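As provided, upload_1.cif (mmCIF, C-alpha atoms) reads as follows.
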data_upload
loop_
_atom_site.group_PDB
_atom_site.id
_atom_site.type_symbol
_atom_site.label_atom_id
_atom_site.label_comp_id
_atom_site.auth_asym_id
_atom_site.auth_seq_id
_atom_site.Cartn_x
_atom_site.Cartn_y
_atom_site.Cartn_z
ATOM 1 C CA MET A 95 38.370 -125.212 -64.400
ATOM 2 C CA THR A 96 40.492 -122.507 -66.073
ATOM 3 C CA VAL A 97 42.218 -120.053 -63.796
ATOM 4 C CA LYS A 98 42.782 -116.619 -65.285
ATOM 5 C CA LYS A 99 46.055 -114.914 -64.506
ATOM 6 C CA LEU A 100 45.821 -111.372 -63.283
ATOM 7 C CA LYS A 101 47.666 -108.782 -65.333
ATOM 8 C CA MET A 102 50.107 -107.002 -63.083
ATOM 9 C CA ALA A 103 51.626 -103.586 -63.661
ATOM 10 C CA PRO A 104 55.258 -103.710 -64.755
ATOM 11 C CA ASP A 105 57.677 -104.012 -61.851
ATOM 12 C CA ARG A 106 59.049 -100.659 -60.788
ATOM 13 C CA PRO A 107 62.819 -100.390 -60.905
ATOM 14 C CA ARG A 108 64.519 -100.753 -57.550
ATOM 15 C CA LEU A 109 65.543 -97.414 -56.076
ATOM 16 C CA PRO A 110 69.290 -96.861 -55.770
ATOM 17 C CA ASP A 111 70.879 -96.717 -52.325
ATOM 18 C CA TRP A 112 71.167 -92.926 -52.424
ATOM 19 C CA PHE A 113 67.361 -92.534 -52.234
ATOM 20 C CA ARG A 114 67.346 -92.018 -48.508
ATOM 21 C CA THR A 115 66.244 -89.043 -46.454
ATOM 22 C CA ARG A 116 67.640 -87.959 -43.119
ATOM 23 C CA LEU A 117 65.218 -87.192 -40.307
ATOM 24 C CA PRO A 118 65.719 -83.890 -38.493
ATOM 25 C CA THR A 119 67.160 -83.832 -35.003
ATOM 26 C CA GLY A 120 67.437 -81.316 -32.190
ATOM 27 C CA GLU A 121 65.997 -77.879 -32.893
ATOM 28 C CA LEU A 122 65.005 -78.826 -36.473
ATOM 29 C CA LEU A 123 62.991 -81.792 -35.178
ATOM 30 C CA LYS A 124 61.266 -79.502 -32.693
ATOM 31 C CA LYS A 125 60.289 -77.074 -35.480
ATOM 32 C CA PHE A 126 59.078 -79.933 -37.695
ATOM 33 C CA ASN A 127 56.888 -81.311 -34.902
ATOM 34 C CA GLN A 128 55.461 -77.843 -34.245
ATOM 35 C CA THR A 129 54.482 -77.460 -37.894
ATOM 36 C CA LYS A 130 53.053 -80.981 -38.012
ATOM 37 C CA ALA A 131 50.998 -80.389 -34.865
ATOM 38 C CA THR A 132 49.593 -77.159 -36.334
ATOM 39 C CA VAL A 133 48.646 -78.889 -39.581
ATOM 40 C CA THR A 134 47.034 -81.849 -37.791
ATOM 41 C CA GLY A 135 45.291 -79.797 -35.136
ATOM 42 C CA ASN A 136 43.738 -77.435 -37.655
ATOM 43 C CA MET A 137 42.992 -80.106 -40.286
ATOM 44 C CA LEU A 138 45.017 -78.234 -42.903
ATOM 45 C CA ASN A 139 45.886 -79.774 -46.267
ATOM 46 C CA THR A 140 49.298 -79.406 -47.880
ATOM 47 C CA VAL A 141 50.844 -80.784 -51.057
ATOM 48 C CA CYS A 142 53.744 -81.880 -48.842
ATOM 49 C CA GLN A 143 51.523 -84.512 -47.203
ATOM 50 C CA GLU A 144 49.263 -85.416 -50.117
ATOM 51 C CA ALA A 145 52.207 -85.985 -52.485
ATOM 52 C CA ARG A 146 54.163 -87.814 -49.744
ATOM 53 C CA CYS A 147 57.140 -85.613 -50.507
ATOM 54 C CA PRO A 148 60.423 -87.155 -49.330
ATOM 55 C CA ASN A 149 61.645 -83.727 -48.226
ATOM 56 C CA ILE A 150 58.773 -82.878 -45.898
ATOM 57 C CA HIS A 151 60.963 -83.052 -42.793
ATOM 58 C CA GLU A 152 63.548 -80.603 -44.162
ATOM 59 C CA CYS A 153 61.000 -78.133 -45.484
ATOM 60 C CA TRP A 154 58.669 -78.154 -42.494
ATOM 61 C CA ALA A 155 61.616 -77.800 -40.120
ATOM 62 C CA ALA A 156 62.546 -74.673 -42.115
ATOM 63 C CA LYS A 157 58.933 -73.438 -41.893
ATOM 64 C CA ASP A 158 58.335 -73.948 -45.645
ATOM 65 C CA ALA A 159 55.184 -75.557 -47.013
ATOM 66 C CA THR A 160 53.429 -75.982 -50.362
ATOM 67 C CA PHE A 161 49.706 -75.662 -51.070
ATOM 68 C CA MET A 162 47.695 -76.483 -54.193
ATOM 69 C CA ILE A 163 44.788 -74.253 -55.159
ATOM 70 C CA ALA A 164 42.001 -74.133 -57.766
ATOM 71 C CA GLY A 165 40.929 -77.733 -57.210
ATOM 72 C CA GLN A 166 42.331 -81.210 -56.742
ATOM 73 C CA GLU A 167 42.021 -82.287 -60.383
ATOM 74 C CA CYS A 168 43.658 -80.899 -63.526
ATOM 75 C CA THR A 169 42.191 -80.313 -66.971
ATOM 76 C CA ARG A 170 45.358 -81.777 -68.506
ATOM 77 C CA GLY A 171 46.732 -85.296 -68.557
ATOM 78 C CA CYS A 172 50.532 -85.155 -68.473
ATOM 79 C CA ARG A 173 52.007 -88.637 -68.381
ATOM 80 C CA PHE A 174 54.297 -88.044 -65.416
ATOM 81 C CA CYS A 175 51.862 -86.430 -62.995
ATOM 82 C CA ALA A 176 49.924 -88.041 -60.132
ATOM 83 C CA VAL A 177 47.224 -85.343 -60.073
ATOM 84 C CA GLY A 178 43.888 -86.598 -61.410
ATOM 85 C CA THR A 179 42.514 -85.403 -64.768
ATOM 86 C CA ILE A 180 39.019 -84.066 -65.394
ATOM 87 C CA LYS A 181 37.512 -82.345 -68.428
ATOM 88 C CA LEU A 182 35.161 -80.054 -66.489
ATOM 89 C CA PRO A 183 36.268 -79.448 -62.868
ATOM 90 C CA PRO A 184 33.898 -78.202 -60.167
ATOM 91 C CA PRO A 185 33.543 -74.422 -59.817
ATOM 92 C CA LEU A 186 36.259 -72.547 -57.963
ATOM 93 C CA GLU A 187 35.771 -72.238 -54.193
ATOM 94 C CA LEU A 188 35.012 -68.587 -53.528
ATOM 95 C CA ASP A 189 36.262 -68.844 -49.944
ATOM 96 C CA GLU A 190 39.550 -70.533 -50.921
ATOM 97 C CA PRO A 191 41.599 -67.298 -50.666
ATOM 98 C CA ALA A 192 40.460 -66.812 -47.062
ATOM 99 C CA LYS A 193 41.031 -70.477 -46.187
ATOM 100 C CA LEU A 194 44.520 -70.403 -47.667
ATOM 101 C CA ALA A 195 45.369 -67.195 -45.806
ATOM 102 C CA ASP A 196 44.121 -68.732 -42.553
ATOM 103 C CA ALA A 197 46.206 -71.877 -43.077
ATOM 104 C CA ILE A 198 49.460 -70.013 -43.781
ATOM 105 C CA GLN A 199 48.946 -67.647 -40.853
ATOM 106 C CA THR A 200 48.113 -70.515 -38.495
ATOM 107 C CA MET A 201 51.201 -72.487 -39.533
ATOM 108 C CA GLY A 202 53.445 -69.475 -38.953
ATOM 109 C CA LEU A 203 55.355 -70.072 -42.169
ATOM 110 C CA ASN A 204 58.439 -68.211 -43.314
ATOM 111 C CA HIS A 205 57.962 -69.167 -46.980
ATOM 112 C CA ALA A 206 54.881 -70.497 -48.765
ATOM 113 C CA VAL A 207 54.721 -72.042 -52.224
ATOM 114 C CA ILE A 208 51.311 -71.818 -53.889
ATOM 115 C CA THR A 209 50.976 -74.286 -56.744
ATOM 116 C CA VAL A 210 48.004 -74.671 -59.048
ATOM 117 C CA VAL A 211 46.267 -77.123 -61.324
ATOM 118 C CA ASN A 212 45.635 -76.215 -64.959
ATOM 119 C CA ARG A 213 42.174 -74.707 -65.414
ATOM 120 C CA ASP A 214 41.735 -74.650 -69.190
ATOM 121 C CA ASP A 215 37.977 -74.562 -68.583
ATOM 122 C CA LEU A 216 38.143 -70.986 -67.291
ATOM 123 C CA PRO A 217 38.351 -67.908 -69.569
ATOM 124 C CA ASP A 218 41.472 -66.633 -67.754
ATOM 125 C CA SER A 219 42.861 -70.128 -66.989
ATOM 126 C CA GLY A 220 42.392 -69.329 -63.292
ATOM 127 C CA ALA A 221 44.706 -66.296 -63.205
ATOM 128 C CA GLY A 222 42.221 -64.086 -61.370
ATOM 129 C CA HIS A 223 41.677 -66.723 -58.677
ATOM 130 C CA TYR A 224 45.412 -67.251 -58.234
ATOM 131 C CA ARG A 225 45.812 -63.513 -57.724
ATOM 132 C CA ARG A 226 43.007 -63.326 -55.146
ATOM 133 C CA CYS A 227 44.575 -66.187 -53.183
ATOM 134 C CA LEU A 228 47.991 -64.530 -53.094
ATOM 135 C CA GLU A 229 46.538 -61.138 -52.141
ATOM 136 C CA ALA A 230 44.609 -62.727 -49.274
ATOM 137 C CA VAL A 231 47.745 -64.423 -47.942
ATOM 138 C CA ARG A 232 49.786 -61.211 -48.177
ATOM 139 C CA ALA A 233 47.120 -59.243 -46.306
ATOM 140 C CA ARG A 234 47.056 -61.777 -43.461
ATOM 141 C CA SER A 235 50.790 -62.617 -43.326
ATOM 142 C CA PRO A 236 52.755 -59.597 -44.604
ATOM 143 C CA SER A 237 56.154 -61.018 -43.609
ATOM 144 C CA VAL A 238 55.870 -64.415 -45.341
ATOM 145 C CA THR A 239 57.736 -64.743 -48.635
ATOM 146 C CA LEU A 240 55.533 -66.023 -51.447
ATOM 147 C CA GLU A 241 56.268 -68.211 -54.448
ATOM 148 C CA LEU A 242 53.664 -68.939 -57.118
ATOM 149 C CA LEU A 243 54.230 -72.154 -59.074
ATOM 150 C CA CYS A 244 51.958 -71.193 -61.942
ATOM 151 C CA SER A 245 50.410 -72.991 -64.902
ATOM 152 C CA ASP A 246 51.215 -71.804 -68.427
ATOM 153 C CA LEU A 247 47.842 -69.992 -68.518
ATOM 154 C CA ALA A 248 47.273 -71.565 -71.950
ATOM 155 C CA GLY A 249 50.014 -69.266 -73.241
ATOM 156 C CA ASP A 250 47.872 -66.130 -72.767
ATOM 157 C CA LEU A 251 50.282 -63.292 -71.992
ATOM 158 C CA GLY A 252 47.396 -60.931 -71.284
ATOM 159 C CA ASP A 253 46.200 -63.156 -68.439
ATOM 160 C CA LEU A 254 49.782 -63.273 -67.151
ATOM 161 C CA ALA A 255 49.956 -59.473 -67.149
ATOM 162 C CA MET A 256 46.677 -59.255 -65.224
ATOM 163 C CA LEU A 257 47.996 -61.757 -62.675
ATOM 164 C CA LEU A 258 51.334 -60.053 -62.057
ATOM 165 C CA GLU A 259 50.469 -56.346 -62.250
ATOM 166 C CA GLY A 260 51.304 -54.831 -58.853
ATOM 167 C CA LEU A 261 51.238 -58.262 -57.166
ATOM 168 C CA GLU A 262 53.468 -58.593 -54.091
ATOM 169 C CA LEU A 263 55.391 -61.759 -54.936
ATOM 170 C CA GLU A 264 58.970 -62.901 -54.416
ATOM 171 C CA VAL A 265 59.157 -65.807 -56.891
ATOM 172 C CA PHE A 266 57.221 -66.600 -60.072
ATOM 173 C CA ALA A 267 57.803 -70.235 -61.004
ATOM 174 C CA HIS A 268 56.700 -72.274 -63.971
ATOM 175 C CA ASN A 269 58.138 -75.702 -64.743
ATOM 176 C CA VAL A 270 59.283 -76.752 -68.195
ATOM 177 C CA GLU A 271 59.344 -80.299 -66.696
ATOM 178 C CA CYS A 272 61.606 -82.003 -69.270
ATOM 179 C CA VAL A 273 64.061 -81.377 -72.100
ATOM 180 C CA PRO A 274 62.387 -80.029 -75.286
ATOM 181 C CA ARG A 275 62.776 -83.247 -77.297
ATOM 182 C CA LEU A 276 60.577 -85.174 -74.852
ATOM 183 C CA ASP A 277 57.715 -82.669 -74.710
ATOM 184 C CA SER A 278 55.219 -84.681 -76.755
ATOM 185 C CA ARG A 279 55.996 -87.869 -74.831
ATOM 186 C CA VAL A 280 55.881 -86.436 -71.333
ATOM 187 C CA ARG A 281 53.430 -83.535 -71.301
ATOM 188 C CA ASP A 282 49.838 -82.923 -72.351
ATOM 189 C CA ALA A 283 49.454 -81.833 -75.990
ATOM 190 C CA ARG A 284 48.307 -78.387 -74.793
ATOM 191 C CA ALA A 285 51.687 -77.782 -73.137
ATOM 192 C CA SER A 286 55.016 -77.203 -74.828
ATOM 193 C CA PHE A 287 58.530 -76.123 -73.988
ATOM 194 C CA ASP A 288 58.198 -73.050 -76.227
ATOM 195 C CA GLN A 289 54.950 -72.015 -74.550
ATOM 196 C CA SER A 290 56.499 -72.442 -71.106
ATOM 197 C CA ILE A 291 59.567 -70.434 -72.108
ATOM 198 C CA SER A 292 57.348 -67.623 -73.430
ATOM 199 C CA ILE A 293 55.556 -67.410 -70.051
ATOM 200 C CA LEU A 294 58.845 -67.292 -68.143
ATOM 201 C CA LYS A 295 60.317 -64.666 -70.492
ATOM 202 C CA GLU A 296 57.234 -62.442 -70.281
ATOM 203 C CA ALA A 297 57.035 -62.738 -66.488
ATOM 204 C CA LYS A 298 60.610 -61.465 -66.231
ATOM 205 C CA ARG A 299 59.895 -58.660 -68.728
ATOM 206 C CA LEU A 300 56.771 -57.557 -66.887
ATOM 207 C CA ARG A 301 58.249 -57.761 -63.395
ATOM 208 C CA PRO A 302 62.064 -57.865 -63.567
ATOM 209 C CA GLU A 303 62.339 -57.484 -59.793
ATOM 210 C CA ILE A 304 60.545 -60.821 -59.198
ATOM 211 C CA LEU A 305 62.777 -63.889 -59.343
ATOM 212 C CA THR A 306 61.733 -66.459 -61.937
ATOM 213 C CA LYS A 307 62.179 -70.181 -61.438
ATOM 214 C CA SER A 308 61.762 -73.449 -63.336
ATOM 215 C CA SER A 309 62.349 -77.166 -62.855
ATOM 216 C CA ILE A 310 63.610 -80.110 -64.890
ATOM 217 C CA MET A 311 62.947 -83.806 -64.214
ATOM 218 C CA VAL A 312 65.504 -86.392 -65.329
ATOM 219 C CA GLY A 313 65.051 -90.100 -65.908
ATOM 220 C CA LEU A 314 62.542 -89.676 -68.728
ATOM 221 C CA GLY A 315 64.822 -90.546 -71.647
ATOM 222 C CA GLU A 316 66.987 -87.437 -71.912
ATOM 223 C CA THR A 317 70.783 -87.390 -72.195
ATOM 224 C CA ASP A 318 73.153 -85.594 -69.835
ATOM 225 C CA GLU A 319 74.015 -83.163 -72.620
ATOM 226 C CA GLU A 320 70.351 -82.307 -73.242
ATOM 227 C CA VAL A 321 69.945 -81.296 -69.603
ATOM 228 C CA GLY A 322 72.861 -78.898 -70.000
ATOM 229 C CA GLN A 323 71.363 -77.510 -73.198
ATOM 230 C CA THR A 324 68.022 -77.005 -71.443
ATOM 231 C CA LEU A 325 69.745 -75.045 -68.687
ATOM 232 C CA VAL A 326 71.162 -72.743 -71.370
ATOM 233 C CA LEU A 327 67.680 -72.190 -72.827
ATOM 234 C CA LEU A 328 66.276 -71.374 -69.376
ATOM 235 C CA LYS A 329 69.080 -68.933 -68.617
ATOM 236 C CA ASN A 330 68.563 -67.224 -71.983
ATOM 237 C CA ALA A 331 64.900 -66.799 -71.011
ATOM 238 C CA GLY A 332 65.945 -64.829 -67.926
ATOM 239 C CA VAL A 333 65.228 -67.585 -65.400
ATOM 240 C CA ASP A 334 66.974 -66.930 -62.056
ATOM 241 C CA LEU A 335 66.456 -70.167 -60.115
ATOM 242 C CA VAL A 336 66.365 -73.786 -61.274
ATOM 243 C CA THR A 337 65.843 -77.192 -59.703
ATOM 244 C CA ILE A 338 66.796 -80.577 -61.157
ATOM 245 C CA GLY A 339 65.422 -83.811 -59.701
ATOM 246 C CA GLN A 340 64.822 -87.478 -60.394
ATOM 247 C CA TYR A 341 61.508 -88.507 -61.954
ATOM 248 C CA LEU A 342 59.704 -91.304 -60.112
ATOM 249 C CA ALA A 343 56.640 -92.924 -61.694
ATOM 250 C CA PRO A 344 53.568 -92.386 -59.469
ATOM 251 C CA SER A 345 52.061 -95.682 -60.693
ATOM 252 C CA GLY A 346 52.370 -98.409 -63.296
ATOM 253 C CA GLN A 347 50.050 -96.364 -65.522
ATOM 254 C CA HIS A 348 52.517 -93.493 -65.789
ATOM 255 C CA LEU A 349 55.704 -93.209 -67.812
ATOM 256 C CA ALA A 350 58.338 -95.676 -66.704
ATOM 257 C CA VAL A 351 61.622 -94.427 -65.262
ATOM 258 C CA ASP A 352 64.314 -94.561 -67.935
ATOM 259 C CA ARG A 353 67.396 -94.184 -65.714
ATOM 260 C CA PHE A 354 68.763 -93.059 -62.366
ATOM 261 C CA PRO A 355 71.672 -90.635 -62.860
ATOM 262 C CA GLU A 356 74.320 -90.856 -60.131
ATOM 263 C CA PRO A 357 74.429 -88.069 -57.504
ATOM 264 C CA THR A 358 77.746 -86.957 -59.005
ATOM 265 C CA GLN A 359 75.941 -86.176 -62.268
ATOM 266 C CA PHE A 360 73.479 -83.955 -60.408
ATOM 267 C CA ASP A 361 76.502 -82.165 -58.934
ATOM 268 C CA LYS A 362 77.844 -81.610 -62.457
ATOM 269 C CA TRP A 363 74.554 -80.056 -63.564
ATOM 270 C CA ALA A 364 74.666 -77.768 -60.518
ATOM 271 C CA ILE A 365 78.153 -76.613 -61.574
ATOM 272 C CA ILE A 366 76.884 -75.946 -65.114
ATOM 273 C CA ALA A 367 74.024 -73.873 -63.675
ATOM 274 C CA GLU A 368 76.460 -71.939 -61.502
ATOM 275 C CA ASP A 369 78.743 -71.265 -64.474
ATOM 276 C CA LEU A 370 75.774 -70.075 -66.547
ATOM 277 C CA GLY A 371 74.990 -67.465 -63.916
ATOM 278 C CA PHE A 372 71.806 -68.762 -62.251
ATOM 279 C CA LEU A 373 71.271 -67.116 -58.866
ATOM 280 C CA GLY A 374 70.453 -70.486 -57.340
ATOM 281 C CA CYS A 375 70.243 -74.159 -58.254
ATOM 282 C CA ALA A 376 69.047 -77.185 -56.272
ATOM 283 C CA SER A 377 70.134 -80.379 -58.029
ATOM 284 C CA GLY A 378 69.861 -83.878 -56.611
ATOM 285 C CA PRO A 379 67.925 -87.162 -56.862
ATOM 286 C CA LEU A 380 65.405 -86.183 -54.177
ATOM 287 C CA VAL A 381 65.022 -82.549 -55.232
ATOM 288 C CA ARG A 382 61.547 -81.421 -56.184
ATOM 289 C CA SER A 383 60.505 -78.062 -57.639
ATOM 290 C CA SER A 384 59.597 -76.685 -54.196
ATOM 291 C CA TYR A 385 62.553 -78.265 -52.370
ATOM 292 C CA LYS A 386 63.756 -75.937 -49.595
ATOM 293 C CA ALA A 387 62.278 -73.122 -51.641
ATOM 294 C CA GLY A 388 62.684 -70.551 -48.897
ATOM 295 C CA ASP A 389 66.368 -71.353 -48.487
ATOM 296 C CA LEU A 390 66.958 -71.149 -52.250
ATOM 297 C CA LEU A 391 65.258 -67.747 -52.307
ATOM 298 C CA ALA A 392 67.259 -66.498 -49.316
ATOM 299 C CA ARG A 393 70.574 -67.539 -50.883
ATOM 300 C CA ALA A 394 69.651 -65.930 -54.201
ATOM 301 C CA THR A 395 68.632 -62.698 -52.471
ATOM 302 C CA ALA A 396 71.900 -62.624 -50.516
ATOM 303 C CA ARG A 397 73.855 -63.178 -53.728
ATOM 304 C CA LEU A 398 72.005 -60.311 -55.422
ATOM 305 C CA ARG A 399 72.842 -57.987 -52.513
ATOM 306 C CA THR A 400 76.507 -58.977 -52.738
ATOM 307 C CA GLU A 401 76.590 -58.323 -56.471
ATOM 308 C CA MET A 402 74.953 -54.921 -55.989
ATOM 309 C CA ASP A 403 77.465 -53.980 -53.280
#
Show this structure as structure tokens.
Amino acid sequence: MTVKKLKMAPDRPRLPDWFRTRLPTGELLKKFNQTKATVTGNMLNTVCQEARCPNIHECWAAKDATFMIAGQECTRGCRFCAVGTIKLPPPLELDEPAKLADAIQTMGLNHAVITVVNRDDLPDSGAGHYRRCLEAVRARSPSVTLELLCSDLAGDLGDLAMLLEGLELEVFAHNVECVPRLDSRVRDARASFDQSISILKEAKRLRPEILTKSSIMVGLGETDEEVGQTLVLLKNAGVDLVTIGQYLAPSGQHLAVDRFPEPTQFDKWAIIAEDLGFLGCASGPLVRSSYKAGDLLARATARLRTEMD
């Protein structure tokens, strides 16, 4: 009898020792448990849980949380992302704005990040729905600060203008994801660094009072110098806040990790960002685009006040 060998996914590289998170203690632990109890008791869904974010304890203790709207599957197939891909997603949930507003009010959040899937199947790429969700949250929780982590809206600047006109929003974020050279390897063919930069530039032109934000992953094949060059391109596009974090492959079917830069290298990138004039930068192996987003916003706002004074 012939025994067939099973094909196994390539072994994932062992995580370096610095990939450890610290659990909250004292008052922070109390706040984390309060948020967790609210989420569990009300059967709320957050990206923090579904993505098994390593920073959930820090963010929930600070009363920050991230939600994903417009569906659970994306019309694009980027090779780094764990979100499922579908050509024709189900229709938008008409009651999602109200559900989202209920969730954020119930959790008593200080800062909420609303992230979205790409909806290339919709005429406005979902912009109208994103706006309705944010307006519903603002009406129910007027004191919460809001951050929209938006898609590139298929590069349609008209849809962007419709989304942002008069919208009460503290941060407009859109991630370039990687250095420009790796675009075609990392992202869906419908996305590009230039298209992302155009969205960020136009958002700042349309609403200069809203802080703009973007994120870079490392460990995809870039060089240290390319990360610095990408920071320059983001700053030239008027981006105010930036995060830099380590890419981790969600599965053996995704792009493999190319390298693990040392924490000291992340510190160097943070210094470069500071020297370039960004209002805020979070840079570290465990940093994700929504990492301590409320704290980053608060520090940037305080810095702006100081500069104005």
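Proximity to Asp277 of chain A was assessed for A:Ala248, A:Phe174, A:Val381, A:Ile304 counting only C-alpha atoms; the smallest distance is recorded for A:Phe174.
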(message) I need the output of the PyMOL selection byres ((chain A and resi 378) around 6) for this file as an MDAnalysis selection string; which residues are they?
(response) chainID A and resid 339 360 377 379:381
(request) Check the smallest atom-to-atom distance from each of A:Ala367, A:Val280, A:Ala230, A:Leu263 to Arg170 of chain A using all atoms listed in the file, then report the winner. (result) A:Val280
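All protein and nucleic acid residues in the vicinity of (55.2, -85.5, -40.2), that is within 7 Å when counting all atoms listed in the file, are Asn127, Lys130 and His151 of chain A.
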Output for the residues just chosen: C-alpha atoms as a compact mmCIF listing (two decimals), keeping the file's coordinate frame:
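part-v5.txt, freshly written:
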# COMPACT_ATOMS: atom_id res chain seq x y z
CA ASN A 127 56.89 -81.31 -34.90
CA LYS A 130 53.05 -80.98 -38.01
CA HIS A 151 60.96 -83.05 -42.79
(request) Could you state which residues are captured by the PyMOL selection byres ((chain A and resi 282) around 10) in this file, as a PyMOL selection string? (result) chain A and resi 169-174+277-281+283-286
(request) Just say which residues the PyMOL selection byres ((chain A and resi 211-214) around 12) picks in this file, as a VMD selection string. (result) chain A and resid 141 161 to 172 175 to 186 208 to 210 215 to 224 242 to 250 268 282 284 to 285
I'd like the contact shell of Asp158 of chain A - 9 Å cut-off, all atoms listed in the file, skipping same-chain residues fewer than 3 positions apart - returned as a PDB file with C-alpha atoms, in the coordinates of the input.
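result.pdb, freshly written:
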ATOM      1  CA  ILE A 150      58.773 -82.878 -45.898  1.00  0.00           C
ATOM      2  CA  GLU A 152      63.548 -80.603 -44.162  1.00  0.00           C
ATOM      3  CA  CYS A 153      61.000 -78.133 -45.484  1.00  0.00           C
ATOM      4  CA  TRP A 154      58.669 -78.154 -42.494  1.00  0.00           C
ATOM      5  CA  ALA A 155      61.616 -77.800 -40.120  1.00  0.00           C
ATOM      6  CA  LEU A 203      55.355 -70.072 -42.169  1.00  0.00           C
ATOM      7  CA  ASN A 204      58.439 -68.211 -43.314  1.00  0.00           C
ATOM      8  CA  HIS A 205      57.962 -69.167 -46.980  1.00  0.00           C
ATOM      9  CA  ALA A 206      54.881 -70.497 -48.765  1.00  0.00           C
ATOM     10  CA  VAL A 207      54.721 -72.042 -52.224  1.00  0.00           C
ATOM     11  CA  LYS A 386      63.756 -75.937 -49.595  1.00  0.00           C
ATOM     12  CA  ALA A 387      62.278 -73.122 -51.641  1.00  0.00           C
ATOM     13  CA  GLY A 388      62.684 -70.551 -48.897  1.00  0.00           C
ATOM     14  CA  ASP A 389      66.368 -71.353 -48.487  1.00  0.00           C
TER      15      ASP A 389
END
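Of note, atom CA of Ser384 of chain A and atom CA of Ser308 of chain A are spaced 9.9 Å apart.
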(request) Just give me the gap between atom CA of Thr129 of chain A and atom CA of Arg226 of chain A in Å, one decimal is fine. (result) 25.1 Å
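Environment of (65.8, -76.6, -72.8): residues at most 7 Å away, judged by only C-alpha atoms, are Val273, Pro274, Gln323, Thr324, Leu325, Val326, Leu327 and Leu328 of chain A.
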